Amino acid sequence: MFDRRELLKAGALFTGAAATAPFSGQAFGAAASAKFRWDVMPPESAGMSRSGIDGMRAAIQKNIDSKVISGAVTAVSRRNKLVLFEAQGFADVDAKRPMTTDSLFRIMSSSKAITAVAVMMMVEEGKLALEDPVSKFIPSFRNQKVSISPAGNKDPGKVRMVPATRDITIKDLLTHTAGLSTLSEQVPGLEALRKNAERRPGDTLSTAIPRLGTLPLDFQPGTKWRYSPLDGMDTLLYLVELASRTPADKFLQERIFSPLDMRSTYFNVPASETGRLVKIYAAKDGVFEQRSWMFGEGPFKYFSGAGGLTSCAHDMLNFELMLLNGGNFDGRRLLKPATVALMSRNHVGSLFADWIPFITGGNGFGLGVSVVEDESRSAGKAVGAFGWGGAYGTESWADPKLEVAAVMLIQMDPAPPSPKTDFTQAIRRAIVA
């Protein structure tokens, strides 16, 4: 099958890389057996400088002092040693509540990488395959149409519907090449169809996702990269639910969160923990204005694998360490090294790089994660670094070449680009050996 060949191919690439690049064996092999300690270690023990660690703090503080962000929590590991775990600024500006290292953040699209790992677990078990059409599991996705509209068109009469050349696949959804509910310009005349597919009060994945199959696609499957902010990954989490015969929240808890000691990652934050939530702000002319979470306050029965999770720096770093170490965390294996290698290589050619070149240029896209291909455009990450972020500024990634796992969590709407760039560059400058 496609997936078995791809996994074997990825395994061969992994083995070859390990033979030629010293970092590969460390990042995906030997380091995996080391017990990770949540104690900040001397930077020299991880080949980093003390002045470089200070530079990471300064990079964040600069953005706080200039009122670009209200605060942040950051965590960095190198060579499986924690070298930075820092809370800076405020979790609640008005109440002067300081940020703490266990502050909770609405991680939005940072949820997507977690959903992708869940999908790949099912692929490893043979319950899903990347080449599987979604219609194999959800019949409403069979024989979808594609809407064709001239650029800038506002006349519904000029919209044509043509048959999709094939049903969309699991891989299409993982790589944002399915054309399902993308950020493309809204085609006129399809309002009734979109309204029919909208989420309703009381919906769950099982009641809402099948309605998405009634939507026309925005382009022929596999021909473009266009971000599906919600529906694509939500559909994937529903497929995990179907394949595992386990409710999505229970699956993530039992198969990912518990093994990774992700003690504070939730779809519904317990009442006892809501005091740890960071306020969401918009920054305007040096003033912070509070914003509401786009999903509302819950409790939720619809578990969005695209953006519905709340988490903290401790949990997100453990997740990235698992990926950095080839699917292994403290002796607990979630994925095979070949599967992580498959996730973290480019599957879309130049489609992602060409999407918004001044943002996505120099990057490819893997299975649920972006992948650095041009180091000169990465703001400090090395070729092969992979990860994804969220709309409010949460970022986490694994960088096998640099042997780094990193997390930067903020809560700004919209998220400014400078904290991520400044922090990533500071990490690179801190590496001395």
# chains A, B, ... in the order shown; residues from 1 in each chain; ligands from 1
>>> select_by_dssp(residues="segment 92-258 of chain A", states="strand (DSSP E)", output="list of chain:residue names")
A:Asp92, A:Arg97, A:Pro98, A:Phe105, A:Arg106, A:Lys145, A:Val146, A:Ser147, A:Ile148, A:Arg160, A:Met161, A:Val162, A:Pro163
>>> residues_around(residues="Met122 of chain A", least_positions_apart="4", cutoff="10 Å", atoms="only C-alpha atoms", output="VMD selection string")
chain A and resid 117 to 118 126 to 129 239 to 241 243 to 244
>>> write_last_selection(atoms="C-alpha atoms", output="compact mmCIF listing (two decimals), in the first residue's frame")
# COMPACT_ATOMS: atom_id res chain seq x y z
CA VAL A 117 -0.03 12.59 15.36
CA ALA A 118 -3.33 10.91 16.25
CA GLY A 126 -3.44 -0.10 9.67
CA LYS A 127 -6.80 1.41 10.59
CA LEU A 128 -6.30 4.39 8.27
CA ALA A 129 -4.14 4.87 5.19
CA LEU A 239 -11.81 9.86 11.30
CA VAL A 240 -9.58 8.99 14.28
CA GLU A 241 -12.71 8.65 16.38
CA ALA A 243 -11.11 4.26 13.23
CA SER A 244 -10.29 3.84 16.91
>>> closest_residue(among="A:Tyr392, A:Glu289, A:Tyr227, A:Val123", to="Ile356 of chain A", atoms="only C-alpha atoms")
A:Tyr227
>>> closest_residue(among="A:Leu174, A:Met41, A:Val287, A:Ala58", to="Leu367 of chain A", atoms="only C-alpha atoms")
A:Leu174
>>> residues_around(residues="segment 164-171 of chain A", least_positions_apart="4", cutoff="9 Å", atoms="only C-alpha atoms", output="ChimeraX atom specification")
/A:119,128-135,141-146,175-180,216-217,219-222,236,239,367
>>> closest_residue(among="A:Glu124, A:Asp354, A:Asp102, A:Asp203", to="Ala313 of chain A", atoms="only C-alpha atoms")
A:Asp102
>>> closest_residue(among="A:Ala415, A:Thr360, A:Phe319, A:Gln425", to="Ser396 of chain A", atoms="only C-alpha atoms")
A:Phe319
>>> residues_around(residues="Ser258 of chain A", least_positions_apart="5", cutoff="12 Å", atoms="only C-alpha atoms", output="MDAnalysis selection string")
chainID A and resid 249:253 263:266 315 318:319 329 332 334
>>> write_last_selection(atoms="C-alpha atoms", output="PDB file, in the first residue's frame")
ATOM      1  CA  ASP A 249     -11.199  13.510  23.631  1.00  0.00           C
ATOM      2  CA  LYS A 250     -10.678  10.123  25.276  1.00  0.00           C
ATOM      3  CA  PHE A 251      -8.365   8.967  22.479  1.00  0.00           C
ATOM      4  CA  LEU A 252      -6.128  12.038  22.778  1.00  0.00           C
ATOM      5  CA  GLN A 253      -6.060  11.739  26.564  1.00  0.00           C
ATOM      6  CA  ARG A 263      -1.255  17.188  32.449  1.00  0.00           C
ATOM      7  CA  SER A 264      -2.865  20.475  31.440  1.00  0.00           C
ATOM      8  CA  THR A 265      -4.110  20.020  27.885  1.00  0.00           C
ATOM      9  CA  TYR A 266      -7.883  20.182  27.554  1.00  0.00           C
ATOM     10  CA  ASP A 315       2.884  20.005  27.810  1.00  0.00           C
ATOM     11  CA  ASN A 318       6.937  17.334  25.921  1.00  0.00           C
ATOM     12  CA  PHE A 319       5.001  16.912  22.669  1.00  0.00           C
ATOM     13  CA  PHE A 329       9.433  10.248  25.082  1.00  0.00           C
ATOM     14  CA  ARG A 332       7.296   5.644  25.875  1.00  0.00           C
ATOM     15  CA  LEU A 334       4.025   6.949  20.444  1.00  0.00           C
TER      16      LEU A 334
END
>>> residues_around(residues="Gly361 of chain A", least_positions_apart="2", cutoff="12 Å", atoms="only C-alpha atoms", output="PyMOL selection string")
chain A and resi 349-359+363-365+370-378
>>> write_last_selection(atoms="N, CA and C atoms", output="mmCIF file, in the first residue's frame")
data_model
loop_
_atom_site.group_PDB
_atom_site.id
_atom_site.type_symbol
_atom_site.label_atom_id
_atom_site.label_comp_id
_atom_site.auth_asym_id
_atom_site.auth_seq_id
_atom_site.Cartn_x
_atom_site.Cartn_y
_atom_site.Cartn_z
ATOM 1 N N GLY A 349 5.612 19.640 -2.819
ATOM 2 C CA GLY A 349 6.438 20.366 -3.771
ATOM 3 C C GLY A 349 6.533 21.834 -3.408
ATOM 4 N N SER A 350 6.269 22.708 -4.371
ATOM 5 C CA SER A 350 6.354 24.157 -4.120
ATOM 6 C C SER A 350 4.999 24.784 -3.797
ATOM 7 N N LEU A 351 3.944 23.953 -3.655
ATOM 8 C CA LEU A 351 2.600 24.509 -3.483
ATOM 9 C C LEU A 351 2.498 25.387 -2.232
ATOM 10 N N PHE A 352 3.107 24.956 -1.121
ATOM 11 C CA PHE A 352 3.042 25.750 0.106
ATOM 12 C C PHE A 352 3.925 26.988 -0.017
ATOM 13 N N ALA A 353 5.129 26.829 -0.529
ATOM 14 C CA ALA A 353 6.047 27.959 -0.682
ATOM 15 C C ALA A 353 5.454 29.036 -1.576
ATOM 16 N N ASP A 354 4.669 28.610 -2.563
ATOM 17 C CA ASP A 354 4.090 29.559 -3.516
ATOM 18 C C ASP A 354 2.797 30.202 -3.017
ATOM 19 N N TRP A 355 2.256 29.738 -1.891
ATOM 20 C CA TRP A 355 0.958 30.224 -1.414
ATOM 21 C C TRP A 355 1.027 31.715 -1.085
ATOM 22 N N ILE A 356 1.840 32.081 -0.120
ATOM 23 C CA ILE A 356 2.085 33.487 0.224
ATOM 24 C C ILE A 356 3.604 33.615 0.327
ATOM 25 N N PRO A 357 4.290 33.830 -0.787
ATOM 26 C CA PRO A 357 5.744 33.675 -0.831
ATOM 27 C C PRO A 357 6.514 34.446 0.232
ATOM 28 N N PHE A 358 6.067 35.650 0.591
ATOM 29 C CA PHE A 358 6.842 36.414 1.575
ATOM 30 C C PHE A 358 6.674 35.850 2.984
ATOM 31 N N ILE A 359 5.707 34.953 3.176
ATOM 32 C CA ILE A 359 5.526 34.277 4.469
ATOM 33 C C ILE A 359 5.943 32.818 4.386
ATOM 34 N N ASN A 363 9.717 27.166 2.595
ATOM 35 C CA ASN A 363 9.150 26.091 3.402
ATOM 36 C C ASN A 363 8.377 25.105 2.543
ATOM 37 N N GLY A 364 8.397 23.869 2.955
ATOM 38 C CA GLY A 364 7.509 22.862 2.409
ATOM 39 C C GLY A 364 6.455 22.532 3.441
ATOM 40 N N PHE A 365 5.578 21.580 3.097
ATOM 41 C CA PHE A 365 4.556 21.181 4.066
ATOM 42 C C PHE A 365 4.490 19.667 4.137
ATOM 43 N N SER A 370 4.566 22.429 8.901
ATOM 44 C CA SER A 370 5.414 23.033 7.884
ATOM 45 C C SER A 370 6.853 22.569 8.118
ATOM 46 N N VAL A 371 7.658 22.600 7.065
ATOM 47 C CA VAL A 371 9.019 22.070 7.112
ATOM 48 C C VAL A 371 9.966 23.077 6.467
ATOM 49 N N VAL A 372 11.021 23.461 7.178
ATOM 50 C CA VAL A 372 11.996 24.412 6.640
ATOM 51 C C VAL A 372 12.812 23.745 5.542
ATOM 52 N N GLU A 373 12.883 24.402 4.376
ATOM 53 C CA GLU A 373 13.703 23.912 3.272
ATOM 54 C C GLU A 373 14.816 24.877 2.907
ATOM 55 N N ASP A 374 14.662 26.150 3.246
ATOM 56 C CA ASP A 374 15.669 27.157 2.936
ATOM 57 C C ASP A 374 16.023 27.879 4.234
ATOM 58 N N GLU A 375 17.185 27.550 4.770
ATOM 59 C CA GLU A 375 17.592 28.086 6.065
ATOM 60 C C GLU A 375 17.728 29.599 6.048
ATOM 61 N N SER A 376 18.043 30.164 4.906
ATOM 62 C CA SER A 376 18.247 31.611 4.832
ATOM 63 C C SER A 376 16.945 32.379 5.029
ATOM 64 N N ARG A 377 15.806 31.691 4.941
ATOM 65 C CA ARG A 377 14.514 32.362 5.087
ATOM 66 C C ARG A 377 13.766 31.892 6.333
ATOM 67 N N SER A 378 14.485 31.260 7.266
ATOM 68 C CA SER A 378 13.802 30.604 8.386
ATOM 69 C C SER A 378 13.910 31.360 9.693
#
>>> select_by_dssp(residues="segment 249-380 of chain A", states="helix (DSSP H, G or I)", output="ChimeraX atom specification")
/A:249-257,271-276,313-324,337-343,357-360,375-377
>>> residues_around(residues="Val407 of chain A", least_positions_apart="6", cutoff="6 Å", atoms="only C-alpha atoms", output="NGL selection string")
:A and (74-75 or 395-396)
>>> atom_distance(atom1="atom CA of Gly389 of chain A", atom2="atom CA of Lys401 of chain A")
20.0 Å
>>> residues_around(residues="Leu193 of chain A", least_positions_apart="6", cutoff="10 Å", atoms="only C-alpha atoms", output="number ranges by chain")
A: 211-212, 214-216
>>> atom_distance(atom1="atom CA of Gly384 of chain A", atom2="atom CA of Ser77 of chain A")
17.0 Å
>>> closest_residue(among="A:Ala385, A:Ser51, A:Ala208, A:Glu320", to="Asn346 of chain A", atoms="only C-alpha atoms")
A:Ala385
>>> closest_residue(among="A:Arg106, A:Lys81, A:Arg194, A:Arg57", to="Lys279 of chain A", atoms="only C-alpha atoms")
A:Arg106
>>> atom_distance(atom1="atom CA of Leu183 of chain A", atom2="atom CA of Lys224 of chain A")
12.0 Å
